[in-house]
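Data first, discussion second: the structure below is written as structure tokens.
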Amino acid sequence: MASFDIPGSPSASFDKAAIVAYINSLPPQRKWWEGGKKFAFNFGWKEIYAYDGWTCIYCGKDLIEHEDIVATSTEEHLVPQSLFITSAEANTENNVVACCAGCNGLKGPAVPPPSDPAWNSRKEYIAGAREYIIKRRVDRITQYAQYVAVSKIKRLFPSPTNRLLDYV
Ligand SMILES: [Zn+2]
């Protein structure tokens, strides 16, 4: 499976320059993210959302279950906009997807390393990004779990004299 990471971060084995060089070295037929209609001219966010069934491409959340969910969702770039020279190159039908706010924040600017199989196809890339997001989500839920538990206890027993909290 792909090992998505943020270029230049301490855990990453590659930096932004290496990814940009890799992308630029690929022949046009390998650049799946350049395919489809150009977003800025004849393709808008409503078409993107309709194409993805108004669900998050990564977690499958129903984006029209509530107005707030779609209002805080974003058009997500599979290959980050920051790797392109102009935003027009990044805004294509194949590269822009519907995404919930949570998944967008968790993915951030992460990409697969140069030559990773995830670059081979849009489908493999999405699968790799989904795996990265799920791992980050689980890490954060685990990290916050004890604070959530303590906060719930404090709500149940708001008195400052509650000695139960001395044990957590
Ligand atoms: Zn999501």
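Ordering of the structure tokens sets the chain letters (A, B, ...); residue numbers start at 1 within each chain; ligands are numbered from 1 in the order shown.
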
Test item: residues lying within 12 Å of ligand 1 with only C-alpha atoms and all ligand atoms, as a PyMOL selection string: chain A and resi 54-63+69-70+72-76+97-107+129-131+133-134+137

Keeping only C-alpha atoms, write the selected residues to a file as a CSV table (one decimal), in the first residue's frame.
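What landed in again.csv:
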chain,number,residue,atom,x,y,z
A,54,TRP,CA,-22.8,14.2,-2.8
A,55,THR,CA,-20.7,11.9,-0.6
A,56,CYS,CA,-17.1,12.3,0.7
A,57,ILE,CA,-14.7,10.6,-1.7
A,58,TYR,CA,-12.7,9.3,1.3
A,59,CYS,CA,-15.1,8.4,4.1
A,60,GLY,CA,-18.4,8.1,2.3
A,61,LYS,CA,-20.1,10.7,4.6
A,62,ASP,CA,-23.4,11.9,3.1
A,63,LEU,CA,-22.7,15.6,2.4
A,69,ILE,CA,-22.1,19.4,6.4
A,70,VAL,CA,-22.1,20.5,2.8
A,72,THR,CA,-18.3,23.2,5.6
A,73,SER,CA,-17.2,20.6,3.0
A,74,THR,CA,-14.6,21.5,0.3
A,75,GLU,CA,-13.6,20.7,-3.2
A,76,GLU,CA,-10.5,18.6,-2.6
A,97,VAL,CA,-13.4,15.6,-5.7
A,98,ALA,CA,-16.1,16.2,-3.1
A,99,CYS,CA,-14.7,15.9,0.4
A,100,CYS,CA,-16.0,16.4,4.0
A,101,ALA,CA,-14.2,19.0,6.2
A,102,GLY,CA,-12.8,16.2,8.5
A,103,CYS,CA,-11.1,14.2,5.7
A,104,ASN,CA,-9.8,17.4,4.1
A,105,GLY,CA,-8.1,18.5,7.3
A,106,LEU,CA,-6.7,15.1,8.0
A,107,LYS,CA,-5.2,14.6,4.5
A,129,ALA,CA,-5.2,8.6,0.5
A,130,ARG,CA,-8.2,6.9,2.2
A,131,GLU,CA,-5.8,4.6,4.1
A,133,ILE,CA,-6.7,9.5,6.4
A,134,ILE,CA,-8.2,6.5,8.3
A,137,ARG,CA,-8.2,9.6,12.3

Spatial neighbours of range 30-36 of chain A, 8 Å, only C-alpha atoms, chain gap at least 2 places, as a ChimeraX atom specification: /A:23,26-28,38,78-79,89-90,92-95,120-122

In range 58-162 of chain A, DSSP strand (DSSP E) residues written as a PyMOL selection string: chain A and resi 74-77+96-99

For the selection just defined, write its residues with N, CA and C atoms to a file, as a compact mmCIF listing (two decimals), in the first residue's frame.
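What ended up in out_31.txt:
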# COMPACT_ATOMS: atom_id res chain seq x y z
N THR A 74 -15.45 20.77 1.27
CA THR A 74 -14.57 21.49 0.35
C THR A 74 -14.39 20.71 -0.94
N GLU A 75 -14.01 21.43 -1.99
CA GLU A 75 -13.58 20.74 -3.19
C GLU A 75 -12.12 20.40 -2.95
N GLU A 76 -11.86 19.10 -2.92
CA GLU A 76 -10.53 18.61 -2.56
C GLU A 76 -9.73 18.28 -3.82
N HIS A 77 -8.46 18.67 -3.82
CA HIS A 77 -7.56 18.31 -4.91
C HIS A 77 -6.84 17.02 -4.55
N VAL A 96 -10.31 17.08 -8.98
CA VAL A 96 -11.11 17.71 -7.92
C VAL A 96 -12.24 16.76 -7.52
N VAL A 97 -12.39 16.56 -6.22
CA VAL A 97 -13.41 15.64 -5.71
C VAL A 97 -14.16 16.28 -4.54
N ALA A 98 -15.34 15.72 -4.23
CA ALA A 98 -16.11 16.17 -3.07
C ALA A 98 -15.52 15.55 -1.82
N CYS A 99 -15.40 16.36 -0.76
CA CYS A 99 -14.70 15.89 0.44
C CYS A 99 -15.28 16.57 1.67

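Counting only C-alpha atoms, Pro112 in chain A has the following residues at most 8 Å away, ignoring those fewer than 5 positions along the same chain: Ala2, Ser3, Phe4, Asp5, Ala118, Trp119 and Gly128 of chain A.
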
Export of prior selection with C-alpha atoms as a PDB file, in the first residue's frame:
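As written to disk, result.pdb reads:
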ATOM      1  CA  ALA A   2       1.000   3.606  -0.558  1.00  0.00           C
ATOM      2  CA  SER A   3       2.773   5.517   2.189  1.00  0.00           C
ATOM      3  CA  PHE A   4       1.324   9.010   1.879  1.00  0.00           C
ATOM      4  CA  ASP A   5       3.182  11.688   3.827  1.00  0.00           C
ATOM      5  CA  ALA A 118      -0.393   5.058  -5.988  1.00  0.00           C
ATOM      6  CA  TRP A 119       0.699   7.410  -8.788  1.00  0.00           C
ATOM      7  CA  GLY A 128      -3.889   5.244  -0.689  1.00  0.00           C
TER       8      GLY A 128
END

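Among the candidates A:Ile48, A:Val111, A:Ile64, A:Ile85, the one nearest to Gly8 in chain A when counting only C-alpha atoms is A:Val111.
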